[in-house]
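To start, the structure under review is shown below, and the notes come after it.
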Amino acid sequence: MKIVHSVFRYLPVSGGATRLVQLLAEGAAARGHDVTVVTQEEPGAPSEETIAGVRVLRVPIRRVGKFRLPRGYRALLHRLDADVFQLNGNRIWNADFYLPYARSFDWPQAIMPMGFYHYWMRRGLLRWFYYDRYFAGRIRAFGRYLALTGAEREQVVGWGYPPERARVLPVGVDLEEFARSPADPAALRSAWRLPVRQVAVYAGGLYDNKRVDRLVRAVAGTRGEWGLVVLGPDVPGHPYDRAHCEALARELGAPVRFLGAVPRTELVTSFFAADAYVQASAFEGFGITLVEAMATGRPFVAFDAGVARDVAARGAGVVVSSEEEMSRALVDLPRRARERGSAARLVAQDYSVAQMVDRALEQYRAIARN
């Protein structure tokens with residue numbers, strides 16, 4: 001099968017969308033399929049190269065203010081031969097310059113927008129018109145909508161997309177990476193120096209959608225029963241950045257450690273060293289670290305964002321709607337920690353990279369036949 005992916009950035013850069021498309025592309029190539037990725041130019045990278053069996057074509061980009069304008073993007077796509085084309089992302093150049101012309105292509109096409117950050121975090125009349133009217137109409141040109149979560153699928157079906165064409169394609173994780181701790185969890189936990197019996201970990205950075213302030217207040221609400229370790233980069237300049245959250249922790253007397261970005265081995269070891277994983281995001285496209293923590297056997301307590309609702313329904317953790325509810329869930333968690341931890345590890349087995357690639361290929365074959 002000839003497969004073409006379009007994504008706004010690809011290797012050698014990193015990022016969530018890049019990594020997801022890389023896994024899909026390299027997974028399909030390893031199974032013998034002919035895979036091409038069309039993306040934007042990167043400094044020092046050639047206009048065409050092959051990476052891990054995947055042909056990568058890079059389009060020149062002209063920047064006008066905050067906008068990226070691709071040169072020759074649609075002409076390049078029209079020259080390519082494909083059994084299936086997949087558009088990845090929304091509100092970025094590769095989607096904005098494809099959606100108006102989607103019906104001009106005769107190849108079977110799938111779209112994987114990866115959630116709607118702008119819709120939920122940057123609301124306004126323009127966002128409403130774009131998603132509820134423009135985007136909702138344009139995606140009907142696609143034979144498959146690949147949603148990362150059940151909630152995302154419900155949203156696009158609510159916008160009028162045919163439900164029989166909307167499928168959930170959850171993100172896959174490398175389960176082998178989380179089969180055992182790469183270092184001593186007890187030593188790492190001791191280094192945290194938290195004077196509590198139970199420790200929760202959050203990993204993912206202090207972006208405005210992550211709402212780490214909610215975690216600080218929830219831990220403070222357990223009145224000394226739980227502590228919190230926050231991992232990931234700071235993004236200064238908003239009310240939920242590290243400076244604000246550290247000040248809040250001091251004000252509330254909450255036992256919290258802000259460790260910033262850490263090496264990958266320390267991140268994985270942190271999951272094994274913790275009693276639970278916590279997440280309080282206002283928006284998540286998926287929430288990959290939650291599933292990674294589940295793969296180590298950690299139960300979770302999370303706000304209803306991303307994949308949390310899907311896996312909580314299978315007993316892996318608890319979904320809450322307020323900081324007070326999160327405090328109560330944490331206090332209650334030790335009583336059922338072993339049960340939920342076992343369920344978390346079991347549920348995580350359904351989120352492997354291999355299964356994600358197999359599910360994607362199954363959808364490609366279905367729309368290619370039709």
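As shown in the structure tokens, the chain order sets the letters A, B, ...; within each chain, residues go from 1, and ligands are also counted from 1 in the order they appear.
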
Quiz item: If we count only C-alpha atoms, what is near A:Arg55 at a cut-off of 12 Å, once residues fewer than 6 positions away on the same chain are taken out, given as a ChimeraX atom specification?
Solution: /A:2-6,10-11,22,25-26,29,33-39,46-49,80

Dump C-alpha atoms for the selected residues as a PDB file, in the first residue's frame?
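Here's the written file selection_17.pdb:
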```pdb
ATOM      1  CA  LYS A   2       1.230   3.519  -0.817  1.00  0.00           C
ATOM      2  CA  ILE A   3       0.635   5.850   2.132  1.00  0.00           C
ATOM      3  CA  VAL A   4       1.224   9.606   2.257  1.00  0.00           C
ATOM      4  CA  HIS A   5       1.221  11.575   5.515  1.00  0.00           C
ATOM      5  CA  SER A   6       1.152  15.359   5.769  1.00  0.00           C
ATOM      6  CA  TYR A  10       8.839  16.010  11.139  1.00  0.00           C
ATOM      7  CA  LEU A  11      12.284  14.724  12.041  1.00  0.00           C
ATOM      8  CA  GLN A  22       6.774   8.990  13.037  1.00  0.00           C
ATOM      9  CA  ALA A  25       4.957   6.014   9.278  1.00  0.00           C
ATOM     10  CA  GLU A  26       7.869   3.865  10.427  1.00  0.00           C
ATOM     11  CA  ALA A  29       7.184   0.999   6.442  1.00  0.00           C
ATOM     12  CA  HIS A  33       4.323  -0.441   2.884  1.00  0.00           C
ATOM     13  CA  ASP A  34       5.556   2.478   0.754  1.00  0.00           C
ATOM     14  CA  VAL A  35       5.340   5.534   3.064  1.00  0.00           C
ATOM     15  CA  THR A  36       5.966   9.201   2.274  1.00  0.00           C
ATOM     16  CA  VAL A  37       5.817  12.115   4.744  1.00  0.00           C
ATOM     17  CA  VAL A  38       5.310  15.662   3.440  1.00  0.00           C
ATOM     18  CA  THR A  39       6.381  18.326   5.912  1.00  0.00           C
ATOM     19  CA  PRO A  46      17.671  18.166   2.864  1.00  0.00           C
ATOM     20  CA  SER A  47      14.555  18.718   0.775  1.00  0.00           C
ATOM     21  CA  GLU A  48      14.275  14.944   0.343  1.00  0.00           C
ATOM     22  CA  GLU A  49      15.693  12.025   2.308  1.00  0.00           C
ATOM     23  CA  LEU A  80       2.230  12.003  -5.569  1.00  0.00           C
TER      24      LEU A  80
END
```

Practice problem: For stretch 326-338 of chain A, please output as a PyMOL selection string all residues within 8 Å (counting only C-alpha atoms; exclusion window: fewer than 4 positions along the same chain). | Solution: chain A and resi 218-222+225-226+275+299+301-302+318+320-322+342

Please produce an output containing N, CA and C atoms for each residue in the selection, written as a JSON list (two decimals), in the first residue's frame.
```json
[["chain", "number", "residue", "atom", "x", "y", "z"],
["A", 218, "ALA", "N", -5.15, 20.51, 45.20],
["A", 218, "ALA", "CA", -5.71, 19.20, 45.54],
["A", 218, "ALA", "C", -4.83, 18.48, 46.55],
["A", 219, "VAL", "N", -3.51, 18.54, 46.36],
["A", 219, "VAL", "CA", -2.59, 17.91, 47.31],
["A", 219, "VAL", "C", -2.66, 18.60, 48.67],
["A", 220, "ALA", "N", -2.74, 19.92, 48.65],
["A", 220, "ALA", "CA", -2.89, 20.65, 49.91],
["A", 220, "ALA", "C", -4.15, 20.23, 50.64],
["A", 221, "GLY", "N", -5.19, 19.91, 49.86],
["A", 221, "GLY", "CA", -6.47, 19.49, 50.45],
["A", 221, "GLY", "C", -6.43, 18.14, 51.13],
["A", 222, "THR", "N", -5.38, 17.35, 50.91],
["A", 222, "THR", "CA", -5.27, 16.05, 51.61],
["A", 222, "THR", "C", -4.69, 16.21, 53.01],
["A", 225, "GLU", "N", -1.39, 14.17, 53.77],
["A", 225, "GLU", "CA", -1.35, 12.75, 53.43],
["A", 225, "GLU", "C", -0.62, 12.50, 52.12],
["A", 226, "TRP", "N", -0.66, 13.46, 51.21],
["A", 226, "TRP", "CA", -0.03, 13.30, 49.90],
["A", 226, "TRP", "C", 0.93, 14.45, 49.61],
["A", 275, "ASP", "N", 3.25, 6.69, 44.09],
["A", 275, "ASP", "CA", 2.08, 5.88, 44.45],
["A", 275, "ASP", "C", 0.94, 6.07, 43.46],
["A", 299, "PRO", "N", -1.90, 3.65, 39.45],
["A", 299, "PRO", "CA", -3.26, 4.17, 39.26],
["A", 299, "PRO", "C", -3.20, 5.68, 39.09],
["A", 301, "VAL", "N", -5.43, 9.69, 39.24],
["A", 301, "VAL", "CA", -6.57, 10.55, 39.51],
["A", 301, "VAL", "C", -6.41, 11.74, 38.56],
["A", 302, "ALA", "N", -7.44, 12.01, 37.76],
["A", 302, "ALA", "CA", -7.30, 13.03, 36.72],
["A", 302, "ALA", "C", -8.61, 13.74, 36.45],
["A", 318, "VAL", "N", -9.36, 7.21, 38.48],
["A", 318, "VAL", "CA", -10.55, 7.98, 38.84],
["A", 318, "VAL", "C", -10.54, 9.31, 38.09],
["A", 320, "VAL", "N", -12.17, 13.11, 37.95],
["A", 320, "VAL", "CA", -12.82, 14.05, 38.87],
["A", 320, "VAL", "C", -13.15, 15.33, 38.12],
["A", 321, "SER", "N", -13.95, 16.17, 38.76],
["A", 321, "SER", "CA", -14.37, 17.42, 38.12],
["A", 321, "SER", "C", -14.02, 18.65, 38.94],
["A", 322, "SER", "N", -13.35, 18.48, 40.08],
["A", 322, "SER", "CA", -12.98, 19.63, 40.91],
["A", 322, "SER", "C", -11.75, 19.28, 41.74],
["A", 342, "SER", "N", -3.21, -2.70, 39.27],
["A", 342, "SER", "CA", -3.24, -3.90, 38.42],
["A", 342, "SER", "C", -4.07, -3.66, 37.17]]
```

Self-check item: Who sits within 7 Å of stretch 256-267 of chain A, only C-alpha atoms, same chain under 6 positions skipped, as a PyMOL selection string
Solution: chain A and resi 182+227-234+249

Exercise. If you run DSSP over the backbone, which residues in stretch 33-211 of chain A end up strand (DSSP E or B)? Put them as an MDAnalysis selection string.
Key: chainID A and resid 34:40 48:51 54:59 61:64 67:70 84:88 109:112 144:147 166:168 173 198:203 206

Using 8 Å as the limit and counting only C-alpha atoms, can you tabulate each residue of stretch 9-118 of chain A that touches stretch 347-370 of chain A, with its shortest atom-to-atom distance in Å and the two atoms involved, as CSV?
```
residue,atom,partner,partner_atom,distance
A:Leu23,CA,A:Val353,CA,7.2
A:Leu24,CA,A:Val357,CA,5.6
A:Gly27,CA,A:Val357,CA,6.0
A:Ala28,CA,A:Val357,CA,6.7
A:Asp83,CA,A:Ala368,CA,6.3
A:Val84,CA,A:Tyr364,CA,6.3
A:Pro108,CA,A:Ala368,CA,5.8
A:Gln109,CA,A:Ile367,CA,7.5
A:Ala110,CA,A:Tyr364,CA,7.7
```

Could you write out the selected residues, including C-alpha atoms, as a PDB file, in the first residue's frame?
```
ATOM      1  CA  LEU A  23       5.453   5.888  14.828  1.00  0.00           C
ATOM      2  CA  LEU A  24       2.679   5.426  12.269  1.00  0.00           C
ATOM      3  CA  GLY A  27       5.508   1.153  11.664  1.00  0.00           C
ATOM      4  CA  ALA A  28       3.826   0.924   8.261  1.00  0.00           C
ATOM      5  CA  ASP A  83      -3.583   4.496  -2.029  1.00  0.00           C
ATOM      6  CA  VAL A  84      -4.319   6.508   1.139  1.00  0.00           C
ATOM      7  CA  PRO A 108      -8.915   8.012  -0.286  1.00  0.00           C
ATOM      8  CA  GLN A 109      -8.195  10.312   2.642  1.00  0.00           C
ATOM      9  CA  ALA A 110      -8.154  10.177   6.414  1.00  0.00           C
TER      10      ALA A 110
END
```

Could you give me, as an mmCIF file with N, CA and C atoms, in the first residue's frame, the residues within 12 Å of A:Phe142, counting only C-alpha atoms and dropping anything in the same chain fewer than 2 positions from it?
```cif
data_model
loop_
_atom_site.group_PDB
_atom_site.id
_atom_site.type_symbol
_atom_site.label_atom_id
_atom_site.label_comp_id
_atom_site.auth_asym_id
_atom_site.auth_seq_id
_atom_site.Cartn_x
_atom_site.Cartn_y
_atom_site.Cartn_z
ATOM 1 N N VAL A 84 -3.673 5.815 0.014
ATOM 2 C CA VAL A 84 -4.319 6.508 1.139
ATOM 3 C C VAL A 84 -3.485 7.729 1.500
ATOM 4 N N PHE A 85 -4.165 8.840 1.777
ATOM 5 C CA PHE A 85 -3.523 10.048 2.266
ATOM 6 C C PHE A 85 -4.064 10.352 3.650
ATOM 7 N N GLN A 86 -3.170 10.709 4.598
ATOM 8 C CA GLN A 86 -3.605 11.096 5.943
ATOM 9 C C GLN A 86 -3.117 12.497 6.268
ATOM 10 N N LEU A 87 -4.066 13.379 6.605
ATOM 11 C CA LEU A 87 -3.776 14.742 7.036
ATOM 12 C C LEU A 87 -3.719 14.766 8.555
ATOM 13 N N TYR A 98 -4.736 22.625 2.988
ATOM 14 C CA TYR A 98 -5.264 21.413 2.338
ATOM 15 C C TYR A 98 -6.785 21.355 2.395
ATOM 16 N N LEU A 99 -7.348 21.705 3.531
ATOM 17 C CA LEU A 99 -8.794 21.556 3.733
ATOM 18 C C LEU A 99 -9.640 22.216 2.638
ATOM 19 N N TYR A 101 -9.128 22.450 -0.391
ATOM 20 C CA TYR A 101 -8.961 21.761 -1.670
ATOM 21 C C TYR A 101 -9.094 20.242 -1.531
ATOM 22 N N ALA A 102 -9.571 19.768 -0.382
ATOM 23 C CA ALA A 102 -9.596 18.327 -0.120
ATOM 24 C C ALA A 102 -10.359 17.563 -1.193
ATOM 25 N N ARG A 103 -11.449 18.129 -1.688
ATOM 26 C CA ARG A 103 -12.276 17.418 -2.674
ATOM 27 C C ARG A 103 -11.648 17.415 -4.069
ATOM 28 N N SER A 104 -10.570 18.153 -4.263
ATOM 29 C CA SER A 104 -9.910 18.140 -5.569
ATOM 30 C C SER A 104 -8.968 16.953 -5.730
ATOM 31 N N PHE A 105 -8.733 16.218 -4.643
ATOM 32 C CA PHE A 105 -7.872 15.034 -4.691
ATOM 33 C C PHE A 105 -8.753 13.790 -4.800
ATOM 34 N N ASP A 106 -8.321 12.836 -5.643
ATOM 35 C CA ASP A 106 -9.144 11.644 -5.824
ATOM 36 C C ASP A 106 -8.644 10.454 -5.008
ATOM 37 N N TRP A 107 -7.637 10.676 -4.148
ATOM 38 C CA TRP A 107 -7.188 9.558 -3.330
ATOM 39 C C TRP A 107 -8.068 9.402 -2.089
ATOM 40 N N PRO A 108 -8.218 8.197 -1.571
ATOM 41 C CA PRO A 108 -8.915 8.012 -0.286
ATOM 42 C C PRO A 108 -8.152 8.766 0.798
ATOM 43 N N GLN A 109 -8.868 9.467 1.675
ATOM 44 C CA GLN A 109 -8.195 10.312 2.642
ATOM 45 C C GLN A 109 -8.747 10.148 4.051
ATOM 46 N N ALA A 110 -7.815 10.216 4.994
ATOM 47 C CA ALA A 110 -8.154 10.177 6.414
ATOM 48 C C ALA A 110 -7.610 11.439 7.063
ATOM 49 N N ILE A 111 -8.248 11.871 8.123
ATOM 50 C CA ILE A 111 -7.771 13.036 8.856
ATOM 51 C C ILE A 111 -7.633 12.689 10.332
ATOM 52 N N MET A 112 -6.522 13.124 10.939
ATOM 53 C CA MET A 112 -6.281 12.918 12.366
ATOM 54 C C MET A 112 -5.873 14.260 12.967
ATOM 55 N N PRO A 113 -6.846 15.073 13.400
ATOM 56 C CA PRO A 113 -6.536 16.429 13.901
ATOM 57 C C PRO A 113 -5.807 16.473 15.240
ATOM 58 N N PHE A 135 -14.658 24.082 9.673
ATOM 59 C CA PHE A 135 -13.985 22.794 9.848
ATOM 60 C C PHE A 135 -14.977 21.638 9.784
ATOM 61 N N ALA A 136 -16.125 21.804 10.432
ATOM 62 C CA ALA A 136 -17.133 20.740 10.462
ATOM 63 C C ALA A 136 -17.599 20.364 9.061
ATOM 64 N N GLY A 137 -17.654 21.332 8.158
ATOM 65 C CA GLY A 137 -18.051 21.027 6.788
ATOM 66 C C GLY A 137 -16.929 20.419 5.981
ATOM 67 N N ARG A 138 -15.713 20.920 6.140
ATOM 68 C CA ARG A 138 -14.594 20.453 5.334
ATOM 69 C C ARG A 138 -14.209 19.007 5.614
ATOM 70 N N ILE A 139 -14.316 18.554 6.852
ATOM 71 C CA ILE A 139 -13.850 17.200 7.169
ATOM 72 C C ILE A 139 -14.743 16.119 6.581
ATOM 73 N N ARG A 140 -15.914 16.494 6.068
ATOM 74 C CA ARG A 140 -16.779 15.486 5.458
ATOM 75 C C ARG A 140 -16.220 14.953 4.155
ATOM 76 N N ARG A 144 -12.311 8.805 6.564
ATOM 77 C CA ARG A 144 -12.154 8.409 7.963
ATOM 78 C C ARG A 144 -11.720 9.613 8.784
ATOM 79 N N TYR A 145 -12.318 9.732 9.957
ATOM 80 C CA TYR A 145 -11.846 10.665 10.971
ATOM 81 C C TYR A 145 -11.239 9.800 12.063
ATOM 82 N N LEU A 146 -9.938 9.961 12.317
ATOM 83 C CA LEU A 146 -9.233 9.171 13.318
ATOM 84 C C LEU A 146 -9.077 10.011 14.581
ATOM 85 N N TYR A 161 -20.297 15.091 11.562
ATOM 86 C CA TYR A 161 -19.517 14.121 10.802
ATOM 87 C C TYR A 161 -20.177 12.750 10.928
ATOM 88 N N PRO A 162 -20.272 11.975 9.827
ATOM 89 C CA PRO A 162 -20.957 10.667 9.875
ATOM 90 C C PRO A 162 -20.348 9.743 10.923
ATOM 91 N N ARG A 165 -18.080 6.760 10.059
ATOM 92 C CA ARG A 165 -16.747 7.014 9.512
ATOM 93 C C ARG A 165 -15.770 7.527 10.577
ATOM 94 N N ALA A 166 -16.232 7.753 11.779
ATOM 95 C CA ALA A 166 -15.377 8.245 12.865
ATOM 96 C C ALA A 166 -14.885 7.069 13.699
ATOM 97 N N TYR A 364 -7.011 2.311 6.875
ATOM 98 C CA TYR A 364 -6.573 2.659 5.520
ATOM 99 C C TYR A 364 -7.130 1.674 4.495
ATOM 100 N N ILE A 367 -10.952 2.355 3.834
ATOM 101 C CA ILE A 367 -11.318 3.476 2.965
ATOM 102 C C ILE A 367 -10.763 3.287 1.564
ATOM 103 N N ALA A 368 -9.657 2.544 1.423
ATOM 104 C CA ALA A 368 -9.124 2.264 0.085
ATOM 105 C C ALA A 368 -10.097 1.362 -0.681
ATOM 106 N N ASN A 370 -13.303 1.284 -0.294
ATOM 107 C CA ASN A 370 -14.536 2.022 -0.573
ATOM 108 C C ASN A 370 -14.330 3.198 -1.515
#
```

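As for atom CA of A:Met114 and atom CA of A:Glu42, they are spaced 22.3 Å apart.
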
Quiz item: What lies within 9 Å of A:Gly341 using only C-alpha atoms, ignoring chain neighbours under 2 positions off, as a list in words?
Solution: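 Listed by chain and then number, they are Ala276, Met294, Thr296, Gly297, Arg298, Pro299, Phe300, Gly315, Ala316, Gly317, Arg336, Ala337, Arg338, Glu339, Ala343, Ala344, Arg345 and Leu346 of chain A.
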
Self-check item: atom CA of A:Gly150 to atom CA of A:Val311, straight-line distance in Å
Solution: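 Result for atom CA of A:Val311 versus atom CA of A:Gly150: 10.3 Å, one decimal.
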
Practice problem: Do a neighbour search on A:Tyr117 at 9 Å with only C-alpha atoms, toss out local chain neighbours closer than 4 positions, and write the hits as a PyMOL selection string. | Solution: chain A and resi 121-122+209+283-285

Saved selection, atoms kept: N, CA and C atoms, as a PDB file, in the first residue's frame:
```pdb
ATOM      1  N   MET A 121      -8.978  26.242  24.432  1.00  0.00           N
ATOM      2  CA  MET A 121      -8.129  27.133  25.206  1.00  0.00           C
ATOM      3  C   MET A 121      -8.093  28.564  24.684  1.00  0.00           C
ATOM      4  N   ARG A 122      -8.545  28.803  23.478  1.00  0.00           N
ATOM      5  CA  ARG A 122      -8.519  30.148  22.894  1.00  0.00           C
ATOM      6  C   ARG A 122      -9.879  30.471  22.293  1.00  0.00           C
ATOM      7  N   ASN A 209      -2.623  24.964  29.618  1.00  0.00           N
ATOM      8  CA  ASN A 209      -3.711  23.987  29.627  1.00  0.00           C
ATOM      9  C   ASN A 209      -3.506  22.897  30.672  1.00  0.00           C
ATOM     10  N   PHE A 283      -7.334  20.824  29.028  1.00  0.00           N
ATOM     11  CA  PHE A 283      -7.432  20.207  27.708  1.00  0.00           C
ATOM     12  C   PHE A 283      -6.249  19.275  27.505  1.00  0.00           C
ATOM     13  N   GLU A 284      -6.511  18.122  26.907  1.00  0.00           N
ATOM     14  CA  GLU A 284      -5.485  17.196  26.446  1.00  0.00           C
ATOM     15  C   GLU A 284      -5.943  16.608  25.124  1.00  0.00           C
ATOM     16  N   GLY A 285      -5.038  16.593  24.140  1.00  0.00           N
ATOM     17  CA  GLY A 285      -5.372  15.884  22.917  1.00  0.00           C
ATOM     18  C   GLY A 285      -5.483  14.402  23.182  1.00  0.00           C
TER      19      GLY A 285
END
```
